[in-house]
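Structure file data-v3.cif (mmCIF, C-alpha atoms and all ligand atoms) is printed below.
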data_start
loop_
_atom_site.label_atom_id
_atom_site.label_comp_id
_atom_site.auth_asym_id
_atom_site.auth_seq_id
_atom_site.Cartn_x
_atom_site.Cartn_y
_atom_site.Cartn_z
CA MET A 249 85.91 122.53 104.17
CA PRO A 250 87.81 125.78 104.23
CA TRP A 251 89.98 125.44 101.19
CA HIS A 252 87.47 123.52 99.19
CA GLY A 253 88.61 123.82 95.61
CA GLU A 254 91.90 125.39 96.60
CA PRO A 255 93.74 122.22 97.70
CA ILE A 256 93.06 120.54 94.39
CA GLU A 257 94.52 123.53 92.57
CA MET A 258 97.39 123.72 95.02
CA LYS A 259 98.00 120.00 94.74
CA LYS A 260 98.24 120.33 90.98
CA LYS A 261 100.72 123.13 91.24
CA GLN A 262 102.62 121.37 93.99
CA SER A 263 102.82 118.09 92.13
CA THR A 264 104.17 119.91 89.09
CA ALA A 265 106.72 121.69 91.26
CA MET A 266 107.88 118.40 92.77
CA LEU A 267 109.05 117.37 89.29
CA GLY A 268 110.90 120.45 88.26
CA LEU A 269 111.27 123.22 90.84
CA GLY A 270 114.84 124.38 91.41
CA TYR A 271 116.48 122.02 88.94
CA ASP A 272 118.03 122.73 85.57
CA ALA A 273 119.42 119.65 83.84
CA ALA A 274 121.72 121.86 81.76
CA ASN A 275 123.79 122.46 84.90
CA TYR A 276 124.22 118.73 85.43
CA HIS A 277 125.36 117.39 82.02
CA GLY A 278 121.70 117.04 80.97
CA SER A 279 121.00 114.49 83.70
CA MET A 280 117.18 114.26 83.91
CA LYS A 281 117.40 113.72 87.64
CA GLN A 282 119.73 115.47 90.01
CA PRO A 283 122.84 113.32 90.55
CA ILE A 284 123.72 112.20 94.07
CA PHE A 285 126.59 114.23 95.50
CA GLN A 286 128.16 111.46 97.51
CA THR A 287 131.03 113.56 98.80
CA SER A 288 131.91 114.85 102.24
CA THR A 289 133.86 117.91 101.09
CA TYR A 290 134.09 120.32 98.14
CA GLU A 291 137.08 121.69 96.27
CA PHE A 292 137.24 125.49 96.27
CA PRO A 293 138.21 127.17 92.97
CA ASN A 294 140.75 129.28 94.89
CA ALA A 295 141.54 130.39 98.45
CA GLU A 296 139.63 133.68 98.04
CA ALA A 297 136.46 131.78 97.11
CA GLY A 298 136.91 129.47 100.13
CA LYS A 299 137.26 132.53 102.38
CA GLN A 300 134.14 134.08 100.83
CA PHE A 301 132.04 130.91 101.21
CA PHE A 302 132.98 130.73 104.89
CA ALA A 303 132.17 134.39 105.43
CA TRP A 304 128.68 133.77 104.06
CA ALA A 305 128.18 130.39 105.74
CA THR A 306 129.17 131.67 109.18
CA GLY A 307 127.03 134.80 108.88
CA LYS A 308 130.04 137.16 108.98
CA GLU A 309 128.78 138.58 105.68
CA GLU A 310 125.44 138.47 103.88
CA PRO A 311 125.65 137.00 100.37
CA PRO A 312 124.42 139.43 97.69
CA LEU A 313 120.88 138.72 96.49
CA ASN A 314 120.50 135.81 94.02
CA THR A 315 124.00 134.56 94.75
CA GLN A 316 124.46 130.82 94.60
CA MET A 317 126.64 130.06 97.59
CA GLY A 318 129.36 127.51 96.86
CA HIS A 319 129.35 124.27 98.83
CA ILE A 320 131.92 123.72 101.57
CA TYR A 321 131.34 120.51 103.49
CA SER A 322 128.33 118.19 103.57
CA ARG A 323 127.54 118.81 107.26
CA LEU A 324 126.55 122.33 106.17
CA GLY A 325 124.65 121.34 103.04
CA SER A 326 124.91 119.75 99.61
CA PRO A 327 123.15 120.25 96.26
CA ASN A 328 120.83 117.36 97.24
CA THR A 329 119.81 118.86 100.59
CA ALA A 330 119.43 122.29 98.95
CA LEU A 331 117.05 121.01 96.28
CA LEU A 332 115.06 118.99 98.81
CA GLU A 333 114.81 122.02 101.09
CA GLU A 334 113.60 124.21 98.24
CA ARG A 335 110.84 121.75 97.35
CA LEU A 336 109.76 121.20 100.96
CA ALA A 337 109.53 124.95 101.52
CA HIS A 338 107.42 125.17 98.39
CA LEU A 339 105.07 122.47 99.67
CA ASP A 340 104.64 124.37 102.93
CA GLN A 341 104.28 127.71 101.09
CA ILE A 342 107.00 129.33 103.19
CA ASP A 343 110.52 130.76 102.72
CA GLU A 344 112.80 127.93 103.74
CA ALA A 345 113.30 124.42 105.06
CA ALA A 346 116.13 122.69 106.92
CA VAL A 347 116.47 118.93 106.58
CA PHE A 348 117.76 116.55 109.22
CA GLY A 349 118.82 112.94 109.62
CA SER A 350 115.56 112.13 111.48
CA GLY A 351 112.36 113.72 112.71
CA MET A 352 113.76 113.63 116.24
CA ALA A 353 116.92 115.44 115.06
CA ALA A 354 114.69 118.18 113.60
CA ILE A 355 112.58 118.43 116.77
CA SER A 356 115.48 118.35 119.22
CA ALA A 357 117.55 120.92 117.29
CA THR A 358 114.50 123.22 117.09
CA LEU A 359 113.70 122.97 120.79
CA LEU A 360 117.35 123.33 121.83
CA GLU A 361 117.66 126.45 119.68
CA PHE A 362 114.56 128.19 121.03
CA CYS A 363 114.21 126.94 124.62
CA ARG A 364 116.67 128.48 127.03
CA PRO A 365 117.58 127.17 130.51
CA GLY A 366 115.26 128.72 133.09
CA SER A 367 112.31 128.89 130.69
CA VAL A 368 109.08 126.94 130.28
CA LEU A 369 107.91 125.19 127.13
CA LEU A 370 104.14 124.87 126.66
CA HIS A 371 102.87 121.79 124.89
CA THR A 372 99.79 119.76 124.19
CA ASN A 373 99.41 116.02 124.75
CA PRO A 374 99.66 113.49 123.31
CA VAL A 375 102.76 113.83 121.22
CA TYR A 376 104.89 111.06 119.72
CA GLY A 377 106.52 109.06 122.56
CA GLY A 378 110.07 110.05 121.56
CA THR A 379 109.16 113.74 121.55
CA HIS A 380 107.45 113.32 124.91
CA SER A 381 110.53 111.74 126.47
CA PHE A 382 112.80 114.38 124.96
CA MET A 383 110.67 117.19 126.37
CA VAL A 384 109.83 115.92 129.82
CA ASN A 385 113.00 113.97 130.60
CA TYR A 386 115.82 115.45 128.55
CA LEU A 387 114.93 119.16 128.51
CA GLU A 388 114.21 119.06 132.24
CA GLU A 389 117.91 118.23 132.75
CA PHE A 390 118.72 121.59 131.17
CA ASP A 391 116.36 123.40 133.55
CA ILE A 392 113.67 123.76 130.89
CA ARG A 393 110.26 122.94 132.36
CA CYS A 394 107.40 121.57 130.27
CA PHE A 395 103.82 122.55 130.91
CA GLN A 396 100.88 120.64 129.46
CA ILE A 397 98.05 122.75 128.04
CA GLN A 398 94.60 121.18 128.15
CA HIS A 399 92.74 121.45 124.86
CA GLN A 400 89.61 122.90 126.44
CA TRP A 401 91.38 125.76 128.28
CA SER A 402 90.62 129.24 126.96
CA ILE A 403 93.53 131.53 126.06
CA GLU A 404 92.97 133.48 129.29
CA LYS A 405 93.02 130.27 131.31
CA VAL A 406 96.27 129.13 129.67
CA VAL A 407 97.91 132.47 130.46
CA ALA A 408 96.65 132.50 134.05
CA ASN A 409 97.68 128.88 134.69
CA VAL A 410 101.15 129.38 133.25
CA GLN A 411 101.70 132.59 135.20
CA SER A 412 100.57 131.08 138.48
CA THR A 413 102.57 127.85 138.01
CA PHE A 414 105.76 129.51 136.73
CA PRO A 415 105.73 133.12 137.94
CA ASP A 416 109.49 133.52 137.39
CA ARG A 417 110.01 131.70 134.12
CA PRO A 418 109.66 133.15 130.62
CA VAL A 419 107.76 131.05 128.09
CA SER A 420 110.10 129.90 125.34
CA GLY A 421 107.67 128.27 122.93
CA PHE A 422 104.48 126.34 122.29
CA PHE A 423 104.84 122.85 120.85
CA THR A 424 101.84 121.02 119.49
CA GLU A 425 101.57 117.85 117.49
CA SER A 426 98.41 118.21 115.49
CA PRO A 427 96.84 115.82 114.60
CA ALA A 428 98.33 114.04 117.57
CA ASN A 429 99.91 110.63 117.41
CA PRO A 430 98.08 108.34 118.14
CA THR A 431 94.71 109.77 119.26
CA MET A 432 94.09 112.14 116.29
CA ASP A 433 93.34 115.15 118.54
CA ILE A 434 93.86 118.46 116.83
CA TYR A 435 94.69 121.85 118.31
CA SER A 436 93.81 125.26 116.91
CA ILE A 437 97.03 126.79 115.57
CA GLN A 438 95.31 130.19 115.47
CA LYS A 439 94.71 129.84 119.21
CA ALA A 440 98.31 128.71 119.82
CA LYS A 441 99.45 131.84 118.01
CA LYS A 442 97.39 134.07 120.32
CA ILE A 443 98.76 132.26 123.37
CA CYS A 444 102.33 132.85 122.17
CA GLU A 445 101.57 136.50 121.47
CA ALA A 446 100.43 136.88 125.08
CA PHE A 447 103.90 135.80 126.25
CA ARG A 448 106.00 137.62 123.65
CA SER A 449 108.17 140.58 124.54
CA GLU A 450 110.94 142.62 122.93
CA GLU A 451 113.51 140.26 124.40
CA GLN A 452 111.59 137.01 124.08
CA PHE A 453 110.33 135.59 120.80
CA VAL A 454 107.89 132.75 121.52
CA PRO A 455 107.44 130.49 118.50
CA VAL A 456 104.47 128.30 117.72
CA ILE A 457 106.02 124.97 116.72
CA VAL A 458 103.73 122.45 115.05
CA ASP A 459 104.57 118.82 114.37
CA ASN A 460 102.65 118.30 111.13
CA THR A 461 103.89 114.77 110.48
CA TYR A 462 100.46 113.14 110.54
CA LEU A 463 98.88 115.20 107.76
CA GLY A 464 101.85 116.70 105.94
CA PRO A 465 102.18 119.95 104.03
CA VAL A 466 99.51 119.59 101.34
CA LEU A 467 96.65 118.58 103.61
CA SER A 468 97.61 120.91 106.44
CA GLN A 469 99.15 124.32 105.74
CA GLN A 470 99.91 125.51 109.24
CA HIS A 471 102.05 128.54 108.43
CA LYS A 472 98.82 130.13 107.13
CA ASN A 473 97.27 129.66 110.56
CA GLY A 474 100.18 131.27 112.40
CA ALA A 475 102.72 128.50 112.97
CA ASP A 476 106.25 129.90 113.10
CA LEU A 477 107.97 126.58 112.65
CA VAL A 478 106.54 123.37 111.25
CA VAL A 479 108.45 120.18 111.98
CA TYR A 480 108.22 116.86 110.19
CA SER A 481 109.33 113.34 110.46
CA LEU A 482 109.94 112.99 106.71
CA THR A 483 110.31 109.29 107.47
CA LYS A 484 106.51 109.09 107.29
CA ASN A 485 104.19 110.22 104.43
CA ILE A 486 106.76 112.39 102.70
CA ALA A 487 109.45 109.76 102.18
CA GLY A 488 106.55 107.33 102.22
CA HIS A 489 108.21 103.98 101.47
CA SER A 490 109.59 102.87 104.87
CA ASP A 491 113.13 103.08 103.57
CA VAL A 492 114.48 106.38 104.91
CA ILE A 493 114.74 108.10 108.31
CA ALA A 494 114.65 111.88 107.92
CA GLY A 495 113.20 115.11 109.31
CA ALA A 496 112.65 118.75 108.43
CA VAL A 497 111.69 122.14 109.82
CA THR A 498 110.07 124.85 107.69
CA GLY A 499 109.62 128.55 108.39
CA LYS A 500 110.63 132.10 107.59
CA THR A 501 114.27 132.70 106.66
CA GLU A 502 115.20 134.44 109.92
CA LEU A 503 114.08 131.42 111.96
CA ILE A 504 115.39 128.72 109.64
CA SER A 505 118.82 130.36 109.52
CA ARG A 506 118.96 130.01 113.32
CA ILE A 507 118.03 126.36 113.00
CA LYS A 508 120.58 125.77 110.25
CA LYS A 509 123.24 127.33 112.44
CA ALA A 510 122.27 124.98 115.29
CA ARG A 511 122.28 122.09 112.82
CA THR A 512 125.85 122.89 111.79
CA PHE A 513 127.02 122.49 115.38
CA ILE A 514 124.77 119.63 116.43
CA GLY A 515 125.57 117.96 113.13
CA GLY A 516 122.24 116.37 112.29
CA ILE A 517 121.95 117.16 108.58
CA LEU A 518 120.46 114.62 106.17
CA GLY A 519 122.89 112.80 103.88
CA PRO A 520 122.95 113.22 100.08
CA MET A 521 121.64 109.73 99.30
CA ASP A 522 118.66 110.00 101.65
CA SER A 523 117.91 113.52 100.34
CA TRP A 524 117.88 112.11 96.83
CA LEU A 525 115.54 109.29 97.86
CA ILE A 526 113.10 111.80 99.33
CA LEU A 527 113.28 113.98 96.20
CA ARG A 528 112.19 110.86 94.37
CA SER A 529 109.37 110.30 96.88
CA LEU A 530 108.16 113.87 96.43
CA GLU A 531 107.41 113.18 92.77
CA THR A 532 104.55 110.90 93.82
CA TYR A 533 103.68 112.60 97.10
CA THR A 534 100.38 114.25 96.21
CA ILE A 535 99.09 111.26 94.31
CA ARG A 536 100.02 108.88 97.14
CA ILE A 537 98.29 110.89 99.83
CA GLN A 538 95.13 111.19 97.75
CA ALA A 539 95.01 107.43 97.14
CA GLN A 540 95.75 106.70 100.81
CA GLU A 541 92.99 109.07 101.91
CA GLU A 542 90.54 107.27 99.66
CA ASN A 543 91.51 103.88 101.13
CA THR A 544 91.26 105.33 104.65
CA ARG A 545 87.66 106.42 104.13
CA LYS A 546 86.70 102.93 102.91
CA VAL A 547 88.51 101.08 105.69
CA ALA A 548 86.97 103.41 108.29
CA LYS A 549 83.50 102.90 106.85
CA PHE A 550 83.94 99.16 107.30
CA LEU A 551 85.42 99.38 110.80
CA VAL A 552 82.46 101.26 112.33
CA THR A 553 80.20 98.35 111.41
CA HIS A 554 82.28 95.63 113.09
CA PRO A 555 80.87 94.33 116.41
CA SER A 556 84.34 94.08 118.02
CA VAL A 557 85.03 97.76 117.44
CA GLU A 558 84.29 100.13 120.32
CA GLU A 559 85.10 103.36 118.50
CA ILE A 560 87.21 104.63 115.67
CA ARG A 561 88.74 108.06 115.40
CA TYR A 562 89.93 109.48 112.16
CA LEU A 563 89.58 112.94 110.73
CA GLY A 564 86.70 111.88 108.50
CA ASN A 565 84.43 111.23 111.54
CA ILE A 566 85.73 113.88 113.94
CA THR A 567 82.17 115.19 114.51
CA ASP A 568 81.37 111.85 116.19
CA TRP A 569 84.17 111.93 118.74
CA ASN A 570 84.91 115.61 119.21
CA PRO A 571 82.43 118.16 117.85
CA GLU A 572 84.53 121.05 119.24
CA GLN A 573 87.60 119.88 117.35
CA GLN A 574 85.42 119.51 114.24
CA VAL A 575 84.98 123.30 114.21
CA ILE A 576 88.76 123.79 114.37
CA PHE A 577 89.29 121.12 111.73
CA SER A 578 86.96 122.74 109.24
CA LYS A 579 88.59 126.15 109.75
CA GLU A 580 92.27 125.25 109.85
CA TYR A 581 92.86 121.85 108.26
CA GLY A 582 92.54 120.74 104.66
CA GLY A 583 92.34 116.93 104.53
CA ILE A 584 91.84 113.76 106.54
CA GLY A 585 95.10 111.88 105.94
CA SER A 586 95.60 108.15 106.30
CA MET A 587 95.63 107.43 110.04
CA ILE A 588 92.99 105.70 112.13
CA ALA A 589 92.85 105.23 115.91
CA LEU A 590 90.99 101.96 116.34
CA TYR A 591 89.60 101.25 119.83
CA ILE A 592 88.54 97.63 120.04
CA LYS A 593 86.30 96.01 122.66
CA GLY A 594 88.64 94.58 125.30
CA GLY A 595 92.22 95.39 126.26
CA GLU A 596 95.76 94.31 125.49
CA LYS A 597 94.85 90.63 124.97
CA GLU A 598 92.24 91.44 122.34
CA ALA A 599 94.46 94.07 120.69
CA PHE A 600 97.30 91.56 120.47
CA THR A 601 94.95 88.96 118.97
CA VAL A 602 94.22 91.39 116.15
CA LEU A 603 97.87 92.39 115.73
CA ASN A 604 99.03 88.76 115.71
CA ASN A 605 96.54 87.77 113.04
CA ILE A 606 96.74 90.53 110.46
CA GLN A 607 98.55 89.54 107.30
CA VAL A 608 98.12 92.30 104.75
CA PHE A 609 98.67 95.00 107.38
CA LYS A 610 102.20 94.72 108.73
CA LEU A 611 102.78 94.76 112.48
CA GLY A 612 105.28 97.56 112.92
CA VAL A 613 105.73 101.14 114.03
CA SER A 614 106.10 104.15 111.71
CA LEU A 615 103.30 105.40 109.51
CA GLY A 616 102.40 107.05 106.23
CA SER A 617 104.09 104.44 104.08
CA THR A 618 102.91 102.65 100.95
CA GLU A 619 102.30 99.50 103.02
CA SER A 620 99.61 99.50 105.70
CA LEU A 621 100.93 99.30 109.24
CA ALA A 622 99.42 98.50 112.64
CA GLU A 623 100.84 98.85 116.14
CA HIS A 624 99.88 99.09 119.82
CA PRO A 625 100.82 102.59 121.05
CA TYR A 626 100.28 101.77 124.75
CA SER A 627 103.05 99.15 124.80
CA MET A 628 105.10 100.28 121.79
CA THR A 629 105.52 103.87 120.49
CA HIS A 630 104.22 105.43 123.73
CA ALA A 631 105.58 102.77 126.13
CA LYS A 632 107.65 105.31 128.05
CA VAL A 633 104.77 107.72 128.70
CA ASP A 634 103.47 107.43 132.26
CA ASP A 635 100.54 104.92 132.40
CA THR A 636 98.21 107.30 134.28
CA LEU A 637 98.84 110.06 131.73
CA LYS A 638 98.26 107.59 128.90
CA GLU A 639 94.82 106.71 130.25
CA GLU A 640 94.01 110.42 130.72
CA ILE A 641 94.83 111.21 127.10
CA ASN A 642 93.04 108.19 125.62
CA ILE A 643 96.06 106.03 124.88
CA THR A 644 94.42 102.91 126.25
CA GLU A 645 95.36 99.24 126.03
CA SER A 646 92.48 98.75 123.61
CA LEU A 647 93.92 101.19 121.06
CA ILE A 648 95.44 99.97 117.81
CA ARG A 649 97.01 102.56 115.51
CA LEU A 650 96.43 101.95 111.82
CA SER A 651 98.29 103.60 108.99
CA ILE A 652 96.56 103.00 105.69
CA GLY A 653 98.68 102.35 102.63
CA LEU A 654 98.17 101.68 98.97
CA GLU A 655 97.01 98.04 98.92
CA ASP A 656 93.63 97.24 97.44
CA CYS A 657 91.18 98.40 100.10
CA ASN A 658 89.14 95.17 99.85
CA ASP A 659 92.23 93.22 100.90
CA LEU A 660 92.75 95.58 103.82
CA ILE A 661 89.13 95.25 104.90
CA HIS A 662 89.18 91.46 104.57
CA ASP A 663 92.38 91.32 106.62
CA LEU A 664 90.97 93.43 109.46
CA ASN A 665 87.66 91.58 109.39
CA THR A 666 89.41 88.20 109.74
CA ALA A 667 91.57 89.41 112.64
CA LEU A 668 88.73 91.22 114.44
CA ASN A 669 86.48 88.15 114.15
CA LEU A 670 88.95 86.26 116.35
CA ILE A 671 88.18 88.46 119.37
CA ASN A 672 85.68 86.72 121.62
C1 LIG B 701 104.42 112.60 114.91
C2 LIG B 701 105.86 112.20 114.94
N1 LIG B 701 106.80 113.16 115.06
C3 LIG B 701 108.11 112.83 115.09
C4 LIG B 701 108.54 111.53 115.01
C5 LIG B 701 110.01 111.21 115.04
O1 LIG B 701 110.45 110.98 113.74
P1 LIG B 701 111.74 110.08 113.35
O2 LIG B 701 111.40 108.67 113.70
O3 LIG B 701 111.90 110.33 111.89
O4 LIG B 701 112.87 110.58 114.16
C6 LIG B 701 107.60 110.51 114.87
C7 LIG B 701 108.02 109.10 114.77
O5 LIG B 701 107.25 108.19 114.79
C8 LIG B 701 106.22 110.86 114.84
O6 LIG B 701 105.26 109.92 114.71
#
Represent the structure of the file as structure tokens.
Amino acid sequence: MPWHGEPIEMKKKQSTAMLGLGYDAANYHGSMKQPIFQTSTYEFPNAEAGKQFFAWATGKEEPPLNTQMGHIYSRLGSPNTALLEERLAHLDQIDEAAVFGSGMAAISATLLEFCRPGSVLLHTNPVYGGTHSFMVNYLEEFDIRCFQIQHQWSIEKVVANVQSTFPDRPVSGFFTESPANPTMDIYSIQKAKKICEAFRSEEQFVPVIVDNTYLGPVLSQQHKNGADLVVYSLTKNIAGHSDVIAGAVTGKTELISRIKKARTFIGGILGPMDSWLILRSLETYTIRIQAQEENTRKVAKFLVTHPSVEEIRYLGNITDWNPEQQVIFSKEYGGIGSMIALYIKGGEKEAFTVLNNIQVFKLGVSLGSTESLAEHPYSMTHAKVDDTLKEEINITESLIRLSIGLEDCNDLIHDLNTALNLIN
């Protein structure tokens, strides 16, 4: 593993930071935890200060270094979003973060900011069904074409195929979800960076945008590999308790300020209460993901032995299902996470038998939470993706997506064993 030794050290530092970074109780009447700023608007000390805050917020003037900008209105930011953003940026080891009211709000604002009408957006498949629909249905309406890159294509082949398919369109970005929901495929971010460099010009910045929801910032540090923007559904591992919908984008200041500007107009910022809930989740983030990883290994070890299982894919056995991706994984990724793609023998009927008979696992979408979850991507999260494409990218009717939580792993194994035994 590339960062063997380093993640443990980083995790330690990151877990410490999640309890104290950016917060001084003395500024909040000694409150051990940051209070929730449940207000829509802020009172200015005087008109001159209001004018100054607006000048900084609208970019008319740059605030002097180390200046704490006063708050204006909660669509632009609040002390709760600011603290959450500081801690998320720290987790991703990058300048800044921007938080949103959902993962889709973060993804759509990012793509709308960087993809211009008349351009082409490169992407890998699969991606989460909502992202897929947004890209191929919604963006198309704005004259933004999407072009699917095959994993096995060399950089030269990507460039040649894009140029021959879209000779008159500039490339506006490269979007990859890695690991991909639900098949676990990973893409080399270092390769994505080289592809973007091949299309960059003085006039056209071409960002590498990585959806890192599946692994999260501690197990996968994609800015180090060349990602310009990393997007998250915070709803998943980071919030981690199936009680909040939220999203984020992280990156260098010059890119995040563009996204924050877009967020001000589109209006998708996260509320103070949900920001506070996620700050609370961050305190246990590293410990949760370690425990979930441990459970995942044990559940996976059981699943490969069950006669009703055709194949399982998780990042702990990537050598078995994709040796080429194993090389990328060991160079660019730092952990295995808590997701399993379980291919059972049979099709929808057999998959539904399992899903209808689990009891400890909950039948529901979402992932990364404290409770274990199972769903059927073909008919649920990826229902809107074209059936032929689904088969091509291994989203079959026999696939069950498992998200492993914090229950006792023997209970999880017993639950799956009982349900799988019902398949004839
Ligand atoms: C990988 C991935 N990205 C983005 C999203 C969208 O996130 P949200 O539901 O928070 O809008 C999801 C949702 O399932 C997802 O799985």
Near-ligand residues for ligand LIG 701 (chain B), threshold 7 Å, all atoms listed in the file, as a list in words: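 I would give the residues around ligand LIG 701 (chain B) as Ser350, Gly351, Met352, Ala353, Val375, Tyr376, Gly378, Thr379, Glu425, Ala428, Asn429, Asp459, Thr461, Tyr462, Tyr480, Ser481, Leu482, Thr483, Ile493, Ala494, Gly495 and Ser614 of chain A.
Proximity ranking of A:Met587, A:Ala622, A:Val478, A:Ile661 relative to Val547 (chain A) places A:Ile661 first, based on only C-alpha atoms.
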Test item: which residues lie within 10 Å of (95.9, 110.8, 107.4) counting all atoms listed in the file, as number ranges by chain: A: 427, 432, 461-464, 467, 485, 537-538, 540-541, 544-545, 562-564, 583-588, 615-616, 650-652
Would you output that residue set with C-alpha atoms, as a PDB file, keeping the file's coordinate frame?
ATOM      1  CA  PRO A 427      96.840 115.820 114.600  1.00  0.00           C
ATOM      2  CA  MET A 432      94.090 112.140 116.290  1.00  0.00           C
ATOM      3  CA  THR A 461     103.890 114.770 110.480  1.00  0.00           C
ATOM      4  CA  TYR A 462     100.460 113.140 110.540  1.00  0.00           C
ATOM      5  CA  LEU A 463      98.880 115.200 107.760  1.00  0.00           C
ATOM      6  CA  GLY A 464     101.850 116.700 105.940  1.00  0.00           C
ATOM      7  CA  LEU A 467      96.650 118.580 103.610  1.00  0.00           C
ATOM      8  CA  ASN A 485     104.190 110.220 104.430  1.00  0.00           C
ATOM      9  CA  ILE A 537      98.290 110.890  99.830  1.00  0.00           C
ATOM     10  CA  GLN A 538      95.130 111.190  97.750  1.00  0.00           C
ATOM     11  CA  GLN A 540      95.750 106.700 100.810  1.00  0.00           C
ATOM     12  CA  GLU A 541      92.990 109.070 101.910  1.00  0.00           C
ATOM     13  CA  THR A 544      91.260 105.330 104.650  1.00  0.00           C
ATOM     14  CA  ARG A 545      87.660 106.420 104.130  1.00  0.00           C
ATOM     15  CA  TYR A 562      89.930 109.480 112.160  1.00  0.00           C
ATOM     16  CA  LEU A 563      89.580 112.940 110.730  1.00  0.00           C
ATOM     17  CA  GLY A 564      86.700 111.880 108.500  1.00  0.00           C
ATOM     18  CA  GLY A 583      92.340 116.930 104.530  1.00  0.00           C
ATOM     19  CA  ILE A 584      91.840 113.760 106.540  1.00  0.00           C
ATOM     20  CA  GLY A 585      95.100 111.880 105.940  1.00  0.00           C
ATOM     21  CA  SER A 586      95.600 108.150 106.300  1.00  0.00           C
ATOM     22  CA  MET A 587      95.630 107.430 110.040  1.00  0.00           C
ATOM     23  CA  ILE A 588      92.990 105.700 112.130  1.00  0.00           C
ATOM     24  CA  LEU A 615     103.300 105.400 109.510  1.00  0.00           C
ATOM     25  CA  GLY A 616     102.400 107.050 106.230  1.00  0.00           C
ATOM     26  CA  LEU A 650      96.430 101.950 111.820  1.00  0.00           C
ATOM     27  CA  SER A 651      98.290 103.600 108.990  1.00  0.00           C
ATOM     28  CA  ILE A 652      96.560 103.000 105.690  1.00  0.00           C
TER      29      ILE A 652
END
Among listed residues A:Thr618, A:Asn294, A:Thr358, A:Gln286, nearest Ile535 (chain A) (using only C-alpha atoms): A:Thr618
Distance of CA of Ala599 (chain A) from CA of His630 (chain A), expressed in Å to one decimal place: 15.3 Å
Axis-aligned box for region 619-629 of chain A, 3 Å per side, centre and edges in Å as AutoDock Vina command-line options:
--center_x 102.5 --center_y 101.2 --center_z 113.9 --size_x 12.1 --size_y 11.4 --size_z 27.8
Å distance separating CA of Thr329 (chain A) from CA of Val347 (chain A), one decimal place: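 Atom-to-atom, CA of Thr329 (chain A) and CA of Val347 (chain A) are spaced 6.9 Å apart.
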Nearest residue to Ser620 (chain A) from the set A:Leu359, A:Leu503, A:Ile643, A:Leu664 (distances using all atoms listed in the file):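 Closest to Ser620 (chain A), using all atoms listed in the file: A:Leu664.
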Nearby residues (only C-alpha atoms) at most 12 Å from Ser381 (chain A), same-chain spacing under 2 positions excluded, as a PyMOL selection string: chain A and resi 352+355-356+374-379+383-389+394+629-634
Nearest to Ala297 (chain A), chosen from A:Leu269, A:Cys444, A:Leu603, A:Met317, with all atoms listed in the file counted in the distances: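 Counting all atoms listed in the file, the residue closest to Ala297 (chain A) is A:Met317.
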Nearest to Pro418 (chain A) by atom-to-atom distance, counting all atoms listed in the file, from A:Leu370, A:Ile457, A:Leu477, A:Ile434: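 The closest residue to Pro418 (chain A) is A:Leu370.
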Nearest to Thr601 (chain A), chosen from A:Ser617, A:Thr666, A:Gln411, A:Asn314, with all atoms listed in the file counted in the distances: A:Thr666
Polymer residues at most 7 Å from (126.6, 113.8, 101.6) by all atoms listed in the file, as an MDAnalysis selection string: chainID A and resid 285:288 322 326 519:521
Quick one: write out the picked residues with C-alpha atoms as a compact mmCIF listing (two decimals), in the coordinates of the input?
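The new file part.txt reads:
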# COMPACT_ATOMS: atom_id res chain seq x y z
CA PHE A 285 126.59 114.23 95.50
CA GLN A 286 128.16 111.46 97.51
CA THR A 287 131.03 113.56 98.80
CA SER A 288 131.91 114.85 102.24
CA SER A 322 128.33 118.19 103.57
CA SER A 326 124.91 119.75 99.61
CA GLY A 519 122.89 112.80 103.88
CA PRO A 520 122.95 113.22 100.08
CA MET A 521 121.64 109.73 99.30
Computed interatomic separation between CA of Val454 (chain A) and CA of Ala475 (chain A) (Å):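 Straight-line distance from CA of Val454 (chain A) to CA of Ala475 (chain A) works out to 10.9 Å.
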Selection: 9 Å around Arg364 (chain A), only C-alpha atoms, excl. self and same-chain fewer than 6 positions, as a list in words: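 Close residues of Arg364 (chain A): Phe390, Asp391, Ile392 and Ser420 of chain A.
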Contact residues around Glu619 (chain A) with all atoms listed in the file at 8 Å, ignoring same-chain residues under 2 positions, as a list in words: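 After dropping sequence-adjacent residues, the list is His489, Phe609, Lys610, Ser617, Leu621, Ile652, Gly653, Leu654 and Glu655 of chain A.
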Can you pull out every residue within 9 Å of Gln282 (chain A), counting all atoms listed in the file, but drop anything in the same chain fewer than 5 positions away, and send it as a short mmCIF file (atom, residue, chain, number, x, y, z; two decimals) with C-alpha atoms, in the frame of the given file?
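And here's selection10.cif as it stands now:
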data_model
loop_
_atom_site.label_atom_id
_atom_site.label_comp_id
_atom_site.auth_asym_id
_atom_site.auth_seq_id
_atom_site.Cartn_x
_atom_site.Cartn_y
_atom_site.Cartn_z
CA TYR A 271 116.48 122.02 88.94
CA ASP A 272 118.03 122.73 85.57
CA ALA A 273 119.42 119.65 83.84
CA TYR A 276 124.22 118.73 85.43
CA PRO A 327 123.15 120.25 96.26
CA ASN A 328 120.83 117.36 97.24
CA LEU A 331 117.05 121.01 96.28
CA TRP A 524 117.88 112.11 96.83
#
